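Okay, protein25.cif is below, mmCIF, C-alpha atoms and all ligand atoms:
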```cif
data_target
#
loop_
_atom_site.label_atom_id
_atom_site.label_comp_id
_atom_site.auth_asym_id
_atom_site.auth_seq_id
_atom_site.Cartn_x
_atom_site.Cartn_y
_atom_site.Cartn_z
CA MET A 1 -4.61 -19.50 -14.91
CA PRO A 2 -6.48 -19.15 -11.62
CA GLU A 3 -7.16 -22.57 -10.14
CA LEU A 4 -9.80 -23.38 -7.57
CA PRO A 5 -7.83 -22.16 -4.52
CA GLU A 6 -7.17 -18.78 -6.17
CA VAL A 7 -10.82 -18.47 -7.19
CA GLU A 8 -11.80 -19.20 -3.59
CA THR A 9 -9.39 -16.46 -2.44
CA ALA A 10 -11.10 -14.05 -4.83
CA ARG A 11 -14.54 -15.08 -3.58
CA ARG A 12 -13.51 -14.66 0.04
CA LEU A 13 -12.09 -11.23 -0.74
CA ILE A 14 -15.44 -10.12 -2.15
CA ALA A 15 -17.24 -11.62 0.85
CA ASP A 16 -14.87 -9.90 3.29
CA VAL A 17 -14.67 -6.38 1.89
CA ALA A 18 -17.24 -5.78 -0.85
CA LEU A 19 -20.56 -6.87 0.68
CA GLY A 20 -23.06 -4.32 1.95
CA ARG A 21 -21.56 -1.34 0.12
CA ARG A 22 -24.00 0.51 -2.14
CA ILE A 23 -23.06 0.40 -5.82
CA THR A 24 -23.01 3.90 -7.29
CA GLY A 25 -21.24 3.24 -10.56
CA VAL A 26 -20.58 0.34 -12.92
CA ASP A 27 -18.09 0.36 -15.78
CA ASP A 28 -19.34 -2.40 -18.06
CA ALA A 29 -18.06 -0.94 -21.33
CA ASP A 30 -15.85 -3.95 -22.15
CA THR A 31 -18.18 -5.99 -24.34
CA PHE A 32 -15.90 -9.05 -24.33
CA VAL A 33 -15.56 -9.35 -20.57
CA CYS A 34 -19.24 -8.48 -20.00
CA ARG A 35 -20.58 -10.79 -22.74
CA PRO A 36 -23.39 -11.53 -23.46
CA HIS A 37 -24.51 -8.20 -21.99
CA SER A 38 -24.35 -4.99 -23.95
CA PRO A 39 -22.79 -1.86 -22.39
CA GLY A 40 -25.11 -0.30 -19.82
CA GLU A 41 -27.11 -3.47 -19.15
CA LEU A 42 -25.09 -4.50 -16.08
CA ARG A 43 -24.89 -0.87 -14.95
CA ASP A 44 -28.68 -0.52 -15.06
CA ALA A 45 -29.16 -3.86 -13.30
CA LEU A 46 -26.71 -3.18 -10.44
CA THR A 47 -26.61 0.54 -9.68
CA GLY A 48 -28.21 1.35 -6.31
CA ARG A 49 -28.00 -2.23 -5.05
CA THR A 50 -25.48 -3.87 -2.74
CA LEU A 51 -23.74 -7.22 -3.03
CA THR A 52 -25.21 -9.36 -0.25
CA ALA A 53 -23.42 -12.72 -0.62
CA ALA A 54 -20.56 -14.22 -2.63
CA HIS A 55 -20.71 -17.90 -3.62
CA ARG A 56 -18.47 -20.24 -5.59
CA ARG A 57 -18.94 -23.55 -7.32
CA GLY A 58 -15.90 -24.88 -9.12
CA LYS A 59 -14.26 -21.89 -10.73
CA THR A 60 -17.42 -19.83 -11.06
CA ILE A 61 -18.24 -17.06 -8.58
CA TRP A 62 -21.63 -15.45 -8.24
CA CYS A 63 -22.84 -12.63 -6.02
CA GLU A 64 -26.36 -12.06 -4.78
CA THR A 65 -27.63 -8.50 -4.76
CA SER A 66 -30.09 -6.55 -2.65
CA GLY A 67 -33.30 -4.89 -3.72
CA PRO A 68 -32.91 -1.70 -5.74
CA ASP A 69 -33.02 0.62 -2.74
CA ASP A 70 -30.23 -1.10 -0.84
CA SER A 71 -32.72 -2.38 1.74
CA ALA A 72 -31.38 -5.25 3.79
CA GLY A 73 -34.83 -6.34 4.89
CA PRO A 74 -37.15 -8.76 3.15
CA GLY A 75 -38.35 -7.79 -0.29
CA PRO A 76 -37.56 -8.37 -3.90
CA LEU A 77 -33.90 -9.19 -4.38
CA GLY A 78 -31.75 -8.17 -7.29
CA PRO A 79 -30.15 -10.28 -10.00
CA ASP A 80 -27.11 -12.47 -9.36
CA LEU A 81 -23.82 -11.20 -10.75
CA GLY A 82 -21.78 -14.06 -12.21
CA ILE A 83 -17.99 -13.75 -12.35
CA HIS A 84 -15.47 -16.01 -14.07
CA LEU A 85 -11.80 -15.10 -13.86
CA GLY A 86 -11.03 -16.70 -17.23
CA MET A 87 -7.37 -17.22 -18.06
CA SER A 88 -5.72 -14.55 -15.91
CA GLY A 89 -8.39 -12.60 -14.06
CA ARG A 90 -7.96 -11.02 -10.67
CA ILE A 91 -10.37 -9.36 -8.27
CA VAL A 92 -9.15 -6.09 -6.72
CA VAL A 93 -11.13 -4.47 -3.92
CA THR A 94 -10.38 -1.20 -2.16
CA ALA A 95 -11.71 -1.64 1.37
CA LYS A 96 -13.45 1.18 3.21
CA ASP A 97 -10.24 2.01 5.07
CA GLY A 98 -8.30 2.29 1.84
CA TRP A 99 -6.60 -1.09 2.04
CA VAL A 100 -6.26 -2.49 -1.49
CA ALA A 101 -6.50 -6.29 -1.61
CA GLU A 102 -6.28 -8.69 -4.56
CA GLY A 103 -7.32 -12.26 -5.16
CA GLY A 104 -7.33 -14.56 -8.15
CA ASP A 105 -4.58 -15.34 -10.61
CA PRO A 106 -1.24 -15.14 -8.74
CA PRO A 107 0.98 -12.39 -10.16
CA GLY A 108 3.88 -13.97 -12.06
CA ARG A 109 7.50 -13.28 -11.32
CA ASP A 110 7.53 -10.59 -14.01
CA ALA A 111 4.31 -9.05 -12.71
CA GLN A 112 3.97 -5.36 -13.46
CA PRO A 113 2.47 -2.97 -10.95
CA ARG A 114 -1.28 -2.96 -11.42
CA LYS A 115 -2.52 -0.29 -13.79
CA ALA A 116 -6.00 1.26 -13.86
CA GLU A 117 -6.18 0.71 -17.63
CA TRP A 118 -6.10 -3.06 -17.03
CA ASP A 119 -9.42 -2.90 -15.22
CA ARG A 120 -12.06 -4.64 -17.31
CA PHE A 121 -15.14 -4.41 -15.13
CA THR A 122 -15.49 -2.00 -12.24
CA LEU A 123 -18.02 -1.47 -9.47
CA GLU A 124 -17.81 1.84 -7.61
CA PHE A 125 -19.17 1.99 -4.08
CA ALA A 126 -20.88 4.92 -2.35
CA ASP A 127 -18.19 5.20 0.28
CA GLY A 128 -15.47 5.79 -2.31
CA GLY A 129 -14.21 9.26 -3.36
CA PRO A 130 -11.98 9.63 -6.39
CA ASP A 131 -9.30 6.94 -6.39
CA ALA A 132 -6.12 8.26 -4.78
CA ALA A 133 -4.06 7.00 -7.72
CA GLU A 134 -6.18 8.93 -10.22
CA VAL A 135 -7.12 12.17 -8.44
CA THR A 136 -5.95 15.29 -10.31
CA PRO A 137 -4.00 18.13 -8.61
CA ALA A 138 -7.02 20.44 -8.84
CA GLN A 139 -9.42 17.80 -7.45
CA PHE A 140 -6.95 17.06 -4.66
CA ARG A 141 -6.57 20.72 -3.67
CA ALA A 142 -10.34 21.17 -3.56
CA LEU A 143 -10.91 18.01 -1.51
CA ILE A 144 -8.01 18.40 0.88
CA THR A 145 -8.56 22.02 1.92
CA LYS A 146 -12.33 22.13 2.50
CA GLY A 147 -13.46 22.65 6.11
CA SER A 148 -11.21 22.69 9.18
CA ILE A 149 -10.62 19.00 10.06
CA ALA A 150 -7.07 17.73 10.79
CA VAL A 151 -5.23 17.06 7.54
CA LYS A 152 -4.52 13.45 8.48
CA ALA A 153 -8.22 12.78 9.13
CA ARG A 154 -8.99 14.27 5.73
CA LEU A 155 -6.43 12.03 3.99
CA LEU A 156 -8.11 9.02 5.62
CA ASP A 157 -11.64 10.11 4.68
CA GLN A 158 -12.54 7.54 2.03
CA SER A 159 -15.55 9.58 0.93
CA LYS A 160 -13.15 12.35 -0.16
CA ILE A 161 -10.17 10.42 -1.53
CA ALA A 162 -10.34 6.64 -1.70
CA GLY A 163 -7.29 4.52 -1.09
CA VAL A 164 -5.16 6.08 1.65
CA GLY A 165 -4.84 4.00 4.82
CA ASN A 166 -3.23 4.89 8.14
CA LEU A 167 0.39 4.01 7.32
CA LEU A 168 0.31 5.64 3.90
CA ALA A 169 -1.19 8.80 5.42
CA ASP A 170 1.72 9.06 7.88
CA GLU A 171 4.18 8.48 5.05
CA ILE A 172 2.55 11.17 2.86
CA LEU A 173 2.51 13.74 5.67
CA TRP A 174 6.12 12.98 6.53
CA GLN A 175 7.27 13.28 2.92
CA ALA A 176 5.41 16.58 2.58
CA LYS A 177 6.70 17.81 6.00
CA VAL A 178 3.18 18.67 7.15
CA ALA A 179 2.06 18.26 10.80
CA PRO A 180 -0.72 15.63 10.92
CA ALA A 181 -3.02 17.71 13.16
CA THR A 182 -2.86 20.85 10.98
CA PRO A 183 -6.42 22.04 10.30
CA VAL A 184 -6.94 21.81 6.55
CA SER A 185 -8.14 25.44 6.53
CA ARG A 186 -4.57 26.45 7.41
CA LEU A 187 -2.93 24.59 4.54
CA ARG A 188 -1.34 26.92 2.01
CA ARG A 189 -1.45 26.12 -1.65
CA THR A 190 2.22 25.08 -1.51
CA ASP A 191 1.38 22.64 1.33
CA ALA A 192 -1.47 21.14 -0.70
CA ASP A 193 0.78 20.77 -3.73
CA ARG A 194 3.53 19.14 -1.66
CA LEU A 195 0.96 16.74 -0.20
CA TYR A 196 -0.25 15.93 -3.70
CA ARG A 197 3.26 15.15 -4.93
CA ALA A 198 3.88 13.02 -1.82
CA LEU A 199 0.60 11.15 -2.39
CA ARG A 200 1.61 10.34 -5.97
CA SER A 201 5.10 9.24 -5.04
CA VAL A 202 4.01 7.14 -2.04
CA LEU A 203 1.31 5.38 -4.08
CA ALA A 204 3.71 4.73 -6.95
CA SER A 205 6.18 3.02 -4.58
CA ALA A 206 3.44 1.02 -2.87
CA LEU A 207 2.01 -0.14 -6.20
CA ALA A 208 5.46 -0.98 -7.57
CA ALA A 209 5.98 -3.19 -4.54
CA GLY A 210 2.88 -5.14 -5.52
CA GLY A 211 0.15 -3.28 -3.69
CA GLY A 212 1.97 -3.51 -0.38
CA GLU A 213 1.86 -0.67 2.08
CA HIS A 214 4.88 -1.35 4.28
CA THR A 215 7.20 0.20 1.74
CA GLY A 216 7.50 3.82 2.86
CA ASP A 217 10.66 5.47 4.15
CA VAL A 218 9.26 6.49 7.53
CA ILE A 219 7.13 3.46 8.30
CA ALA A 220 9.98 1.55 9.97
CA ALA A 221 10.52 4.57 12.26
CA ARG A 222 6.96 4.42 13.60
CA ARG A 223 8.03 3.05 16.99
CA PRO A 224 9.15 4.33 20.38
CA GLY A 225 12.74 5.54 20.09
CA GLY A 226 12.48 5.79 16.32
CA SER A 227 14.25 8.66 14.62
CA CYS A 228 13.39 10.53 11.44
CA PRO A 229 15.18 8.90 8.49
CA ARG A 230 15.65 12.34 6.91
CA CYS A 231 16.81 14.64 9.72
CA GLY A 232 17.47 12.26 12.63
CA ALA A 233 15.10 14.02 15.05
CA GLU A 234 12.98 11.96 17.38
CA MET A 235 9.70 10.57 16.03
CA VAL A 236 6.72 11.40 18.22
CA HIS A 237 3.44 9.60 18.63
CA GLY A 238 -0.13 10.72 19.14
CA THR A 239 -3.70 10.10 18.08
CA VAL A 240 -4.91 12.17 15.15
CA GLY A 241 -8.26 11.62 13.49
CA GLY A 242 -8.77 8.71 15.89
CA ARG A 243 -5.77 6.84 14.50
CA SER A 244 -2.30 6.04 15.82
CA THR A 245 0.00 8.61 14.24
CA TRP A 246 3.77 9.16 14.11
CA TRP A 247 5.56 12.28 12.92
CA CYS A 248 8.97 13.97 12.94
CA SER A 249 9.30 16.23 15.99
CA ARG A 250 11.40 18.75 14.05
CA GLU A 251 10.14 18.85 10.46
CA GLN A 252 6.47 18.26 11.22
CA ALA A 253 6.20 20.39 14.36
CA ALA A 254 2.71 21.84 14.70
ZN ZN A 301 12.76 14.86 10.30
#
```

What's the structure tokens form of this structure?
Amino acid sequence: MPELPEVETARRLIADVALGRRITGVDDADTFVCRPHSPGELRDALTGRTLTAAHRRGKTIWCETSGPDDSAGPGPLGPDLGIHLGMSGRIVVTAKDGWVAEGGDPPGRDAQPRKAEWDRFTLEFADGGPDAAEVTPAQFRALITKGSIAVKARLLDQSKIAGVGNLLADEILWQAKVAPATPVSRLRRTDADRLYRALRSVLASALAAGGGEHTGDVIAARRPGGSCPRCGAEMVHGTVGGRSTWWCSREQAA
């Protein structure tokens, strides 16, 4: 059961990564968790607003919300959203850069990797595309190949696919043997499908490790003098999509 320190961790997580992001969707279908509200009531009350502050007293958390048009300035504010973690609740927030953080009840020793079907109440923010763990192959192909931006920048674009951060993007590109700077317009269908399989496999490993992200095969080789764990060639470094990027000089040659 989450005790006060865990509840405070959950509150701080909301304060750190969930404030100021416009709410575009609310899943409030679970009538037990959302009691006494009926399905749709919380959705109607929160959609279009932002969370503006997260408070805690004892084990109860409540969030203030903005006016209906997301305006930060003075004006009518929205309702407070009360949250109680109950017997085993956790707060999970995907940050804008794709980092997934959790706070609340500590996972037990037998903790399973988190599953989407365990979510009981969900806010979706405007900056989020489809969740990387749930995107379908067809959605992925459509999102990944549109335009001419570098494929790594596209993987990191949270408005297209939410949940891939810098390290995971390098791991996905390495697994799929795709050069990070490849313009997405040049990706063949087989490239897109390899990237999709790599995305699924990399996320599955990261989630199995408890939401960590330092679990990939190539991440330890992201350093000067590092060599590719698959073919032994030298790892090279550059900036792609504005982010520090490492790739295999042989298998991911541009
Ligand atoms: Zn290699």

Ligand ZN 301 (chain A) neighbours within 7 Å using only C-alpha atoms and all ligand atoms, as a count of residues only: 10

Just checking: using all atoms listed in the file, which residue out of A:Ser88, A:Ser159, A:Thr31, A:Thr9 ends up closest to Arg56 of chain A?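 Comparing A:Ser88, A:Ser159, A:Thr31, A:Thr9 against Arg56 of chain A, the winner is A:Thr9.
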
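Pairwise distance (atom CA of Leu168 of chain A, atom CA of Val202 of chain A) equals 7.2 Å.
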
So how many Å separate atom CA of Gly129 of chain A and atom CA of Ala254 of chain A, to one decimal?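 Between these atoms lies a distance of 27.8 Å.
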
So what do you get for atom CA of Val33 of chain A versus atom CA of Gln158 of chain A, distance-wise?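 Result for atom CA of Val33 of chain A versus atom CA of Gln158 of chain A: 28.4 Å, one decimal.
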
Pick out the closest residue to Asp193 of chain A from this set: A:Ala138, A:Ala220, A:Val164, A:Leu4. Count all atoms listed in the file. A:Ala138

Long-range neighbours of Ile23 of chain A as an NGL selection string, 9 Å cut-off, only C-alpha atoms, 3 positions minimum in chain: :A and (26 or 46-51 or 70 or 123-126)

Contacts of His55 of chain A within 10 Å, all atoms listed in the file, excl. fewer than 3 positions in-chain, as a PyMOL selection string: chain A and resi 8+11-12+14-15+60-64+82
